[in-house]
file input.cif (mmCIF, C-alpha atoms)
data_run
loop_
_atom_site.label_atom_id
_atom_site.label_comp_id
_atom_site.auth_asym_id
_atom_site.auth_seq_id
_atom_site.Cartn_x
_atom_site.Cartn_y
_atom_site.Cartn_z
CA MET W 1 190.24 152.69 5.71
CA HIS W 2 190.53 149.09 6.95
CA ILE W 3 190.37 147.02 3.77
CA PRO W 4 188.32 143.86 4.41
CA ASP W 5 189.04 140.44 2.92
CA GLY W 6 187.78 140.09 -0.63
CA TYR W 7 188.43 143.63 -1.86
CA LEU W 8 192.03 143.10 -2.94
CA GLY W 9 192.94 140.24 -5.23
CA PRO W 10 195.97 138.02 -4.63
CA TYR W 11 198.37 140.05 -6.83
CA THR W 12 197.91 143.08 -4.64
CA TYR W 13 197.66 141.53 -1.21
CA ILE W 14 200.58 139.15 -1.80
CA ALA W 15 202.71 141.98 -3.20
CA LEU W 16 201.98 144.01 -0.07
CA TRP W 17 202.93 141.10 2.20
CA ILE W 18 206.22 140.86 0.30
CA ILE W 19 206.76 144.60 0.78
CA MET W 20 205.77 144.57 4.44
CA ILE W 21 207.85 141.63 5.73
CA PRO W 22 211.23 143.36 5.27
CA ILE W 23 209.74 146.65 6.57
CA TRP W 24 208.58 144.93 9.77
CA TYR W 25 211.93 143.19 10.07
CA TYR W 26 213.88 146.41 9.66
CA ALA W 27 211.54 148.34 11.99
CA GLY W 28 212.00 145.63 14.62
CA ARG W 29 215.79 145.80 14.27
CA LYS W 30 215.69 149.60 14.53
CA LEU W 31 213.50 149.42 17.62
CA SER W 32 215.78 146.96 19.39
CA THR W 33 218.88 149.06 18.71
CA GLU W 34 217.46 152.54 19.32
CA LEU W 35 214.67 152.25 21.87
CA LYS W 36 215.47 153.84 25.21
CA SER W 37 213.96 152.69 28.50
CA ARG W 38 212.20 155.99 29.06
CA GLN W 39 210.41 155.66 25.71
CA VAL W 40 208.90 152.26 26.53
CA PRO W 41 205.75 153.53 28.32
CA LEU W 42 205.23 156.01 25.48
CA LEU W 43 205.51 153.25 22.88
CA ALA W 44 202.97 151.11 24.75
CA LEU W 45 200.61 154.10 25.07
CA ALA W 46 201.03 154.87 21.36
CA ALA W 47 199.83 151.45 20.24
CA ALA W 48 196.92 151.52 22.69
CA PHE W 49 196.00 155.07 21.64
CA SER W 50 196.04 154.18 17.95
CA PHE W 51 193.79 151.18 18.63
CA VAL W 52 191.21 153.24 20.52
CA ILE W 53 191.22 156.35 18.31
CA MET W 54 190.34 154.16 15.30
CA MET W 55 187.16 153.11 17.14
CA PHE W 56 185.94 156.73 17.13
CA ASN W 57 183.84 156.69 14.01
CA VAL W 58 182.71 160.10 12.96
CA PRO W 59 180.08 160.87 10.35
CA ILE W 60 180.72 163.31 7.52
CA PRO W 61 178.20 164.90 5.15
CA GLY W 62 177.31 162.44 2.42
CA GLY W 63 176.51 159.54 4.74
CA SER W 64 179.98 158.13 5.11
CA THR W 65 181.74 157.34 8.38
CA GLY W 66 185.41 157.01 9.18
CA HIS W 67 188.03 157.77 11.76
CA ALA W 68 191.43 159.23 12.51
CA VAL W 69 194.39 156.86 12.90
CA GLY W 70 196.73 158.64 15.29
CA ALA W 71 199.66 157.57 13.13
CA ALA W 72 200.92 161.11 12.49
CA ILE W 73 201.54 162.05 16.11
CA ILE W 74 203.13 158.65 16.78
CA GLY W 75 205.46 159.09 13.81
CA ILE W 76 206.47 162.56 14.99
CA VAL W 77 206.96 161.71 18.67
CA LEU W 78 208.46 158.21 18.49
CA GLY W 79 209.88 158.35 14.99
CA PRO W 80 208.43 156.63 11.92
CA TRP W 81 210.08 153.23 12.46
CA ALA W 82 208.76 152.83 16.00
CA ALA W 83 205.36 153.96 14.68
CA VAL W 84 205.42 151.12 12.14
CA ILE W 85 205.60 148.61 14.99
CA ALA W 86 203.09 150.32 17.30
CA ILE W 87 200.38 150.81 14.67
CA SER W 88 200.93 147.40 13.05
CA VAL W 89 200.28 145.71 16.40
CA ALA W 90 196.99 147.62 16.74
CA LEU W 91 195.95 146.77 13.18
CA VAL W 92 196.76 143.06 13.52
CA LEU W 93 194.69 142.82 16.70
CA GLN W 94 191.81 144.69 15.03
CA ALA W 95 191.86 142.23 12.13
CA LEU W 96 192.23 138.99 14.13
CA MET W 97 190.03 139.72 17.12
CA PHE W 98 187.46 142.22 15.81
CA GLY W 99 187.24 141.54 12.09
CA ASP W 100 188.14 145.18 11.34
CA GLY W 101 190.25 144.83 8.21
CA GLY W 102 190.82 141.52 6.47
CA ILE W 103 193.36 138.80 7.23
CA THR W 104 194.67 138.74 3.67
CA ALA W 105 194.70 142.55 3.78
CA ILE W 106 196.72 142.89 7.01
CA ALA W 107 199.86 143.80 5.09
CA ALA W 108 197.95 146.25 2.89
CA ASN W 109 196.33 147.96 5.88
CA CYS W 110 199.66 148.09 7.71
CA PHE W 111 201.33 149.56 4.63
CA ASN W 112 198.71 152.29 4.32
CA MET W 113 198.23 153.22 7.96
CA ALA W 114 201.40 152.04 9.72
CA VAL W 115 204.00 152.91 7.04
CA VAL W 116 202.73 155.55 4.60
CA MET W 117 201.09 157.64 7.32
CA PRO W 118 203.86 157.94 9.93
CA PHE W 119 206.57 158.44 7.29
CA VAL W 120 204.66 161.12 5.40
CA ALA W 121 203.75 162.79 8.68
CA TYR W 122 207.29 162.72 10.01
CA TYR W 123 208.84 164.21 6.88
CA VAL W 124 206.15 166.85 6.43
CA TYR W 125 206.66 167.85 10.05
CA LYS W 126 210.45 167.92 9.58
CA LEU W 127 210.19 169.98 6.42
CA ILE W 128 207.87 172.63 7.85
CA SER W 129 209.60 172.88 11.21
CA ALA W 130 213.13 172.99 9.77
CA GLY W 131 215.24 175.64 11.44
CA THR W 132 212.68 176.47 14.12
CA ASP W 133 213.16 176.18 17.85
CA VAL W 134 211.69 173.04 19.37
CA ALA W 135 209.31 175.18 21.45
CA SER W 136 208.08 177.31 18.55
CA SER W 137 204.41 177.48 17.66
CA ARG W 138 205.31 176.86 14.02
CA ARG W 139 205.99 173.28 15.06
CA VAL W 140 202.41 172.87 16.28
CA ILE W 141 201.21 174.01 12.87
CA ALA W 142 203.73 171.67 11.24
CA ALA W 143 202.28 168.80 13.28
CA ALA W 144 198.71 169.70 12.27
CA ILE W 145 199.62 169.87 8.57
CA ALA W 146 201.53 166.59 8.89
CA GLY W 147 198.44 164.92 10.36
CA TYR W 148 196.22 166.33 7.63
CA ILE W 149 198.42 165.45 4.67
CA SER W 150 199.49 162.03 5.94
CA LEU W 151 195.94 160.73 6.31
CA ALA W 152 194.92 162.19 2.93
CA ILE W 153 197.86 160.46 1.23
CA ALA W 154 197.19 157.17 3.03
CA ALA W 155 193.58 157.42 1.80
CA ALA W 156 194.79 158.04 -1.75
CA VAL W 157 197.10 155.00 -1.59
CA THR W 158 194.20 152.89 -0.29
CA GLY W 159 192.01 154.21 -3.12
CA PHE W 160 194.73 153.28 -5.59
CA GLU W 161 194.95 149.72 -4.25
CA PHE W 162 191.17 149.41 -4.52
CA GLY W 163 190.99 150.96 -7.97
CA ILE W 164 193.49 148.70 -9.73
CA GLN W 165 191.48 145.57 -8.86
CA PRO W 166 189.07 145.61 -11.83
CA MET W 167 192.10 145.81 -14.17
CA LEU W 168 194.00 143.01 -12.45
CA HIS W 169 191.22 140.55 -11.77
CA HIS W 170 188.15 139.99 -13.91
CA THR W 171 186.43 137.14 -15.71
CA ALA W 172 186.68 136.68 -19.48
CA GLU W 173 183.40 138.64 -19.74
CA GLY W 174 184.89 141.51 -17.77
CA VAL W 175 183.05 140.88 -14.51
CA PRO W 176 185.26 142.12 -11.64
CA LEU W 177 186.33 139.45 -9.15
CA TYR W 178 187.22 141.72 -6.24
CA MET W 179 186.75 145.49 -5.68
CA PRO W 180 184.36 146.33 -8.53
CA TYR W 181 185.04 150.08 -8.79
CA SER W 182 187.92 151.46 -10.83
CA LEU W 183 190.47 154.18 -10.05
CA GLY W 184 188.21 156.96 -11.29
CA VAL W 185 185.78 156.14 -8.49
CA THR W 186 187.93 154.79 -5.70
CA VAL W 187 190.64 157.46 -5.51
CA PRO W 188 188.27 160.47 -5.43
CA ALA W 189 185.94 158.66 -3.01
CA MET W 190 188.74 157.88 -0.58
CA VAL W 191 190.53 161.22 -0.92
CA LEU W 192 187.46 163.48 -0.74
CA GLU W 193 185.96 161.93 2.39
CA HIS W 194 189.32 162.28 4.08
CA VAL W 195 190.31 165.81 3.01
CA PHE W 196 186.88 167.16 3.97
CA GLY W 197 186.46 165.06 7.08
CA PHE W 198 188.76 162.64 8.81
CA SER W 199 192.03 164.41 7.95
CA ILE W 200 190.79 167.50 9.81
CA LEU W 201 190.28 165.32 12.88
CA GLU W 202 193.74 163.77 12.47
CA ALA W 203 195.22 167.29 12.20
CA LEU W 204 193.52 168.42 15.41
CA ILE W 205 194.56 165.34 17.38
CA THR W 206 198.14 165.60 16.12
CA ALA W 207 198.41 169.30 17.01
CA LEU W 208 196.79 168.86 20.41
CA ILE W 209 199.03 166.04 21.60
CA PHE W 210 202.09 167.66 20.04
CA ALA W 211 201.42 170.96 21.82
CA TYR W 212 201.00 169.12 25.11
CA ILE W 213 204.29 167.23 24.81
CA GLN W 214 206.08 170.34 23.50
CA ARG W 215 204.96 172.30 26.55
CA THR W 216 205.89 169.59 29.06
CA ASP W 217 209.00 167.75 27.88
CA THR W 218 210.49 168.35 24.45
CA THR W 219 213.20 165.77 25.06
CA LEU W 220 210.56 163.09 24.50
CA LEU W 221 210.30 164.11 20.85
CA TYR W 222 212.11 161.89 18.35
CA GLY W 223 215.43 163.35 17.27
CA GLU W 224 215.55 166.00 20.01
CA LYS W 225 218.50 165.81 22.33
CA SER W 226 218.01 165.88 26.07
CA ALA W 227 219.29 168.81 28.11
CA THR W 228 222.28 166.87 29.41
CA GLN W 229 223.24 165.78 25.90
CA LYS W 230 223.03 169.39 24.73
CA MET W 231 225.18 170.46 27.65
CA LYS W 232 227.79 167.84 26.79
CA LYS W 233 227.87 168.99 23.19
CA LYS W 234 228.31 172.60 24.28
CA ASN W 235 231.13 171.66 26.59
CA THR W 236 233.01 169.71 23.96
CA SER W 237 232.58 172.44 21.37
CA THR W 238 233.84 175.16 23.69
CA ALA W 239 236.68 173.03 25.03
CA MET L 1 208.42 162.46 32.45
CA ASP L 2 206.29 160.24 34.66
CA LYS L 3 203.72 163.00 34.92
CA ILE L 4 203.40 163.14 31.14
CA ILE L 5 202.87 159.40 30.91
CA LYS L 6 200.32 159.60 33.71
CA ASN L 7 198.42 162.42 32.02
CA LEU L 8 198.47 160.71 28.63
CA ALA L 9 197.25 157.51 30.28
CA ILE L 10 194.40 159.46 31.91
CA GLY L 11 193.53 160.81 28.46
CA LEU L 12 193.50 157.27 27.13
CA VAL L 13 191.13 156.08 29.87
CA ALA L 14 188.82 159.00 29.02
CA LEU L 15 188.91 157.92 25.37
CA ILE L 16 187.98 154.35 26.36
CA ILE L 17 184.99 155.58 28.35
CA LEU L 18 183.90 157.86 25.50
CA ALA L 19 184.49 155.18 22.85
CA PRO L 20 180.76 154.32 22.48
CA LEU L 21 180.33 157.77 20.89
CA GLY L 22 181.93 156.07 17.89
CA LEU L 23 178.81 153.91 17.65
CA LEU L 24 176.61 156.93 17.01
CA ALA L 25 178.04 157.45 13.54
CA VAL L 26 175.71 155.51 11.34
CA GLY L 27 176.43 155.15 7.68
CA GLU L 28 178.58 153.15 5.36
CA THR L 29 182.31 153.32 4.86
CA PHE L 30 183.61 153.29 1.31
CA GLY L 31 185.17 149.93 0.51
CA GLU L 32 184.09 148.27 3.73
CA TRP L 33 180.69 146.99 2.66
CA GLY L 34 179.61 143.47 3.49
CA PRO L 35 178.69 141.15 0.60
CA GLU L 36 174.96 141.98 1.04
CA GLU L 37 175.62 145.69 0.71
CA VAL L 38 177.70 145.11 -2.42
CA LYS L 39 174.82 143.11 -3.85
CA GLU L 40 172.45 146.00 -3.18
CA LYS L 41 174.77 148.39 -4.99
CA LEU L 42 175.72 146.30 -8.00
CA GLY L 43 173.05 143.64 -8.23
CA PHE L 44 175.72 140.97 -7.85
CA VAL L 45 178.61 140.08 -5.59
CA PRO L 46 181.99 139.77 -7.32
CA PRO L 47 182.86 136.06 -6.96
CA GLY L 48 186.34 136.59 -5.46
CA LEU L 49 184.94 139.06 -2.95
CA GLU L 50 182.23 136.64 -1.91
CA GLN L 51 184.72 133.80 -1.51
CA LEU L 52 187.33 135.72 0.50
CA SER L 53 184.92 137.72 2.65
CA SER L 54 184.02 134.67 4.72
CA LEU L 55 187.67 133.63 5.18
CA TRP L 56 187.90 134.66 8.81
CA SER L 57 185.33 134.75 11.59
CA ALA L 58 186.59 137.10 14.27
CA PRO L 59 185.64 136.29 17.88
CA MET L 60 184.22 139.81 18.38
CA PRO L 61 183.13 141.02 14.94
CA ASP L 62 182.70 144.80 14.70
CA TYR L 63 183.76 145.23 18.35
CA ALA L 64 180.69 143.35 19.57
CA LEU L 65 179.83 139.86 20.70
CA PRO L 66 178.31 137.64 18.03
CA GLU L 67 174.52 137.41 18.49
CA GLN L 68 174.41 140.14 21.12
CA GLY L 69 171.17 141.64 19.81
CA ASP L 70 170.27 145.26 19.07
CA SER L 71 170.38 146.80 22.53
CA MET L 72 172.29 150.06 22.50
CA SER L 73 173.52 149.67 26.07
CA THR L 74 174.89 146.18 25.34
CA ALA L 75 176.57 147.61 22.25
CA ALA L 76 178.11 150.41 24.33
CA MET L 77 179.37 147.92 26.91
CA THR L 78 180.92 145.52 24.42
CA TYR L 79 182.44 148.50 22.60
CA ILE L 80 184.14 149.61 25.81
CA LEU L 81 185.17 146.02 26.50
CA SER L 82 186.74 145.90 23.02
CA ALA L 83 188.64 149.12 23.70
CA VAL L 84 189.89 147.71 27.03
CA ILE L 85 191.04 144.50 25.32
CA GLY L 86 192.78 146.57 22.65
CA VAL L 87 194.56 148.76 25.17
CA ILE L 88 195.66 145.84 27.35
CA VAL L 89 196.88 143.67 24.47
CA CYS L 90 198.55 146.44 22.43
CA GLY L 91 199.92 148.35 25.39
CA GLY L 92 200.94 145.19 27.27
CA LEU L 93 202.65 143.59 24.28
CA LEU L 94 204.67 146.69 23.42
CA TYR L 95 205.53 147.37 27.04
CA PHE L 96 206.81 143.81 27.40
CA ILE L 97 208.77 143.84 24.14
CA GLY L 98 210.00 147.38 24.81
CA LYS L 99 211.32 146.45 28.25
CA LYS L 100 213.17 143.49 26.77
CA VAL L 101 214.93 145.40 24.00
CA ALA L 102 215.34 148.91 25.47
CA LYS L 103 218.79 150.31 26.17
CA ASP L 104 219.91 152.20 29.30
#

call {"tool": "encode", "arguments": {"input": "input.cif", "output": "structure tokens"}}
result
Amino acid sequence: MHIPDGYLGPYTYIALWIIMIPIWYYAGRKLSTELKSRQVPLLALAAAFSFVIMMFNVPIPGGSTGHAVGAAIIGIVLGPWAAVIAISVALVLQALMFGDGGITAIAANCFNMAVVMPFVAYYVYKLISAGTDVASSRRVIAAAIAGYISLAIAAAVTGFEFGIQPMLHHTAEGVPLYMPYSLGVTVPAMVLEHVFGFSILEALITALIFAYIQRTDTTLLYGEKSATQKMKKKNTSTA
Amino acid sequence: MDKIIKNLAIGLVALIILAPLGLLAVGETFGEWGPEEVKEKLGFVPPGLEQLSSLWSAPMPDYALPEQGDSMSTAAMTYILSAVIGVIVCGGLLYFIGKKVAKD
């Protein structure tokens, strides 16, 4: 899903830089106002985990290879805005140091994997787990579905960015300048290989890590209050 | 809390060691073809694609050293090295920034 240089024309990649700059700025502001000391090691681990999990290429029938992103579990545990920062750092390093994803496409890749994915995952998780206890098994299922759907949607968005290129950029004779395939090819190609392959992996990873954290310390989860905070609230409401 | 971080870190180290498994998946990835592969598919390389694709030469392209040859064990080692670099840079950077901005 890492778009290389040369696949997106300037209209698309510049537009995505313009979209991403304020998102990074806002995410950075959010992080500096909301991050708690005890979350710092988790944030560092999240970025490192996302970097490594994207190196696990898996084959799927049809001869294609791809990988999970880890963005869903990061969005659920640390919150989507912190996830933007963690995954963007991993993606920038992959592009600069390892040529995985293009330089011009950094903003596009960050939009797809570091914004669309954690936000979709977080809200799908929220929606499905609404009204349930933090320790309930329904939340594990919510996390799995969030992982599955978020990667599928990120793949669809990537397919869309690919597929509009022949319309936006071609010579007078109609020869495409960048990604040569149109929406009818790119969106199904991206979506199908993910819904039948990599999204299943993302779902498993998300559920596994979520279940582990849920069983050990639910106060680490984004938006969950710690035991002492809960106690305080109880005391003030009964007083 | 510390135990969770420790266990997750152990998991991460295991992932780094197992990373070369990711090399076993052979095949193409949609939309990530090199210019030569595009030429094979279409018979030509779209001019903008050709021009932009050589914009950046990464120091360790495809998580390997340039000109490292075809040896599978070298590939596995440089793949692990790449994962270690990724973990140190990403984890280190966010730990440093996190410590600077974190409250309480």

call {"tool": "resolve_selection", "arguments": {"input": "input.cif", "expression": "the PyMOL selection byres ((chain W and resi 82-91) around 7)", "output": "ChimeraX atom specification"}}
result
/W:27,31,43,46-47,50-51,71,74-75,78-81,92-95,110,114-115,118 /L:90

call {"tool": "closest_atom_pairs", "arguments": {"input": "input.cif", "of": "chain L", "to": "chain W", "cutoff": "8 Å", "atoms": "all atoms listed in the file", "output": "Markdown table"}}
result
| residue | atom | partner | partner_atom | distance |
| --- | --- | --- | --- | --- |
| L:Met1 | CA | W:Asp217 | CA | 7.0 |
| L:Ile4 | CA | W:Thr216 | CA | 7.2 |
| L:Ile5 | CA | W:Leu42 | CA | 6.8 |
| L:Leu8 | CA | W:Leu45 | CA | 7.8 |
| L:Ala9 | CA | W:Leu45 | CA | 7.1 |
| L:Leu12 | CA | W:Phe49 | CA | 6.4 |
| L:Leu15 | CA | W:Val52 | CA | 7.1 |
| L:Ile16 | CA | W:Val52 | CA | 6.8 |
| L:Ala19 | CA | W:Phe56 | CA | 6.1 |
| L:Pro20 | CA | W:Phe56 | CA | 7.8 |
| L:Leu21 | CA | W:Phe56 | CA | 6.8 |
| L:Gly22 | CA | W:Phe56 | CA | 4.1 |
| L:Leu23 | CA | W:Asn57 | CA | 6.8 |
| L:Leu24 | CA | W:Asn57 | CA | 7.8 |
| L:Ala25 | CA | W:Pro59 | CA | 5.1 |
| L:Val26 | CA | W:Thr65 | CA | 7.0 |
| L:Gly27 | CA | W:Gly63 | CA | 5.3 |
| L:Glu28 | CA | W:Ser64 | CA | 5.2 |
| L:Thr29 | CA | W:Ser64 | CA | 5.4 |
| L:Phe30 | CA | W:Met190 | CA | 7.1 |
| L:Gly31 | CA | W:Ile3 | CA | 6.8 |
| L:Glu32 | CA | W:Pro4 | CA | 6.1 |
| L:Pro46 | CA | W:Leu177 | CA | 4.7 |
| L:Pro47 | CA | W:Leu177 | CA | 5.3 |
| L:Gly48 | CA | W:Leu177 | CA | 4.7 |
| L:Leu49 | CA | W:Gly6 | CA | 3.8 |
| L:Glu50 | CA | W:Gly6 | CA | 6.7 |
| L:Gln51 | CA | W:Gly6 | CA | 7.0 |
| L:Leu52 | CA | W:Gly6 | CA | 4.5 |
| L:Ser53 | CA | W:Asp5 | CA | 4.9 |
| L:Ser54 | CA | W:Asp5 | CA | 7.9 |
| L:Leu55 | CA | W:Asp5 | CA | 7.3 |
| L:Trp56 | CA | W:Ile103 | CA | 7.0 |
| L:Ser57 | CA | W:Gly99 | CA | 7.1 |
| L:Ala58 | CA | W:Gly99 | CA | 5.0 |
| L:Pro59 | CA | W:Met97 | CA | 5.6 |
| L:Met60 | CA | W:Phe98 | CA | 4.8 |
| L:Pro61 | CA | W:Phe98 | CA | 4.6 |
| L:Asp62 | CA | W:Phe98 | CA | 5.5 |
| L:Tyr63 | CA | W:Phe98 | CA | 5.4 |
| L:Ala64 | CA | W:Phe98 | CA | 7.8 |
| L:Ala83 | CA | W:Val52 | CA | 5.8 |
| L:Gly86 | CA | W:Phe51 | CA | 6.2 |
| L:Val87 | CA | W:Ala48 | CA | 4.4 |
| L:Ile88 | CA | W:Ala48 | CA | 7.5 |
| L:Cys90 | CA | W:Ala48 | CA | 5.3 |
| L:Gly91 | CA | W:Ala44 | CA | 4.2 |
| L:Gly92 | CA | W:Ala44 | CA | 6.7 |
| L:Leu93 | CA | W:Ala44 | CA | 7.5 |
| L:Leu94 | CA | W:Ala44 | CA | 4.9 |
| L:Tyr95 | CA | W:Ala44 | CA | 5.1 |
| L:Gly98 | CA | W:Val40 | CA | 5.3 |
| L:Lys99 | CA | W:Val40 | CA | 6.5 |
| L:Val101 | CA | W:Ser32 | CA | 4.9 |
| L:Ala102 | CA | W:Lys36 | CA | 4.9 |
| L:Lys103 | CA | W:Lys36 | CA | 4.9 |
| L:Asp104 | CA | W:Ser37 | CA | 6.0 |

call {"tool": "closest_residue", "arguments": {"input": "input.cif", "among": "W:Ala130, W:Val185, W:Ala144, W:Ala172", "to": "Ala156 (chain W)", "atoms": "all atoms listed in the file"}}
result
W:Val185

call {"tool": "residues_around", "arguments": {"input": "input.cif", "residues": "Ser129 (chain W)", "least_positions_apart": "4", "cutoff": "10 Å", "atoms": "only C-alpha atoms", "output": "JSON, numbers by chain"}}
result
{"W": [123, 124, 125, 133, 134, 136, 137, 138, 139, 140, 141, 142, 143]}

call {"tool": "atom_distance", "arguments": {"input": "input.cif", "atom1": "CA of Gly34 (chain L)", "atom2": "CA of Val191 (chain W)"}}
result
21.3 Å

call {"tool": "resolve_selection", "arguments": {"input": "input.cif", "expression": "the PyMOL selection byres ((chain W and resi 148-154) around 7)", "output": "list in words"}}
result
Ala72, Asn112, Met113, Val116, Met117, Val120, Ala121, Ala144, Ile145, Ala146, Gly147, Ala155, Ala156, Val157, Thr158, Val191, His194, Val195, Ser199, Ile200, Glu202 and Ala203 of chain W

call {"tool": "atom_distance", "arguments": {"input": "input.cif", "atom1": "CA of Trp33 (chain L)", "atom2": "CA of Ile164 (chain W)"}}
result
17.9 Å

call {"tool": "atom_distance", "arguments": {"input": "input.cif", "atom1": "CA of Gly184 (chain W)", "atom2": "CA of Val45 (chain L)"}}
result
20.2 Å

call {"tool": "closest_residue", "arguments": {"input": "input.cif", "among": "L:Asp70, L:Leu65, L:Val38, L:Leu18", "to": "Ser82 (chain L)", "atoms": "only C-alpha atoms"}}
result
L:Leu65

call {"tool": "resolve_selection", "arguments": {"input": "input.cif", "expression": "the PyMOL selection byres ((chain W and resi 108) around 8)", "output": "ChimeraX atom specification"}}
result
/W:3,13,16-17,105-107,109-112

call {"tool": "axis_aligned_box", "arguments": {"input": "input.cif", "around": "region 186-201 of chain W", "padding_each_side": "5 Å", "output": "JSON"}}
result
{"center_x": 189.0, "center_y": 161.1, "center_z": 3.6, "size_x": 16.1, "size_y": 22.7, "size_z": 28.6}

call {"tool": "build_atoms", "arguments": {"input": "input.cif", "residues": "region 2-21 of chain L", "atoms": "N, CA and C atoms", "output": "tab-separated table (two decimals), in the coordinates of the input"}}
result
chain	number	residue	atom	x	y	z
L	2	ASP	N	207.35	161.10	34.17
L	2	ASP	CA	206.29	160.24	34.66
L	2	ASP	C	204.93	160.92	34.66
L	3	LYS	N	204.97	162.24	34.90
L	3	LYS	CA	203.72	163.00	34.92
L	3	LYS	C	203.09	163.01	33.52
L	4	ILE	N	203.91	163.16	32.51
L	4	ILE	CA	203.40	163.14	31.14
L	4	ILE	C	202.74	161.81	30.84
L	5	ILE	N	203.43	160.73	31.17
L	5	ILE	CA	202.87	159.40	30.91
L	5	ILE	C	201.55	159.23	31.66
L	6	LYS	N	201.54	159.71	32.90
L	6	LYS	CA	200.32	159.60	33.71
L	6	LYS	C	199.18	160.37	33.05
L	7	ASN	N	199.47	161.61	32.63
L	7	ASN	CA	198.42	162.42	32.02
L	7	ASN	C	197.94	161.82	30.69
L	8	LEU	N	198.88	161.32	29.89
L	8	LEU	CA	198.47	160.71	28.63
L	8	LEU	C	197.64	159.45	28.89
L	9	ALA	N	198.01	158.71	29.93
L	9	ALA	CA	197.25	157.51	30.28
L	9	ALA	C	195.84	157.88	30.74
L	10	ILE	N	195.73	158.99	31.48
L	10	ILE	CA	194.40	159.46	31.91
L	10	ILE	C	193.57	159.81	30.66
L	11	GLY	N	194.21	160.48	29.72
L	11	GLY	CA	193.53	160.81	28.46
L	11	GLY	C	193.04	159.56	27.75
L	12	LEU	N	193.86	158.53	27.79
L	12	LEU	CA	193.50	157.27	27.13
L	12	LEU	C	192.29	156.62	27.80
L	13	VAL	N	192.28	156.64	29.13
L	13	VAL	CA	191.13	156.08	29.87
L	13	VAL	C	189.86	156.85	29.52
L	14	ALA	N	189.98	158.19	29.42
L	14	ALA	CA	188.82	159.00	29.02
L	14	ALA	C	188.34	158.59	27.63
L	15	LEU	N	189.28	158.34	26.73
L	15	LEU	CA	188.91	157.92	25.37
L	15	LEU	C	188.17	156.57	25.40
L	16	ILE	N	188.64	155.67	26.26
L	16	ILE	CA	187.98	154.35	26.36
L	16	ILE	C	186.53	154.53	26.80
L	17	ILE	N	186.34	155.39	27.83
L	17	ILE	CA	184.99	155.58	28.35
L	17	ILE	C	184.09	156.24	27.30
L	18	LEU	N	184.68	157.15	26.52
L	18	LEU	CA	183.90	157.86	25.50
L	18	LEU	C	183.76	157.07	24.20
L	19	ALA	N	184.47	155.94	24.11
L	19	ALA	CA	184.49	155.18	22.85
L	19	ALA	C	183.10	154.91	22.25
L	20	PRO	N	182.07	154.59	23.08
L	20	PRO	CA	180.76	154.32	22.48
L	20	PRO	C	180.20	155.46	21.63
L	21	LEU	N	180.75	156.68	21.79
L	21	LEU	CA	180.33	157.77	20.89
L	21	LEU	C	180.58	157.37	19.44
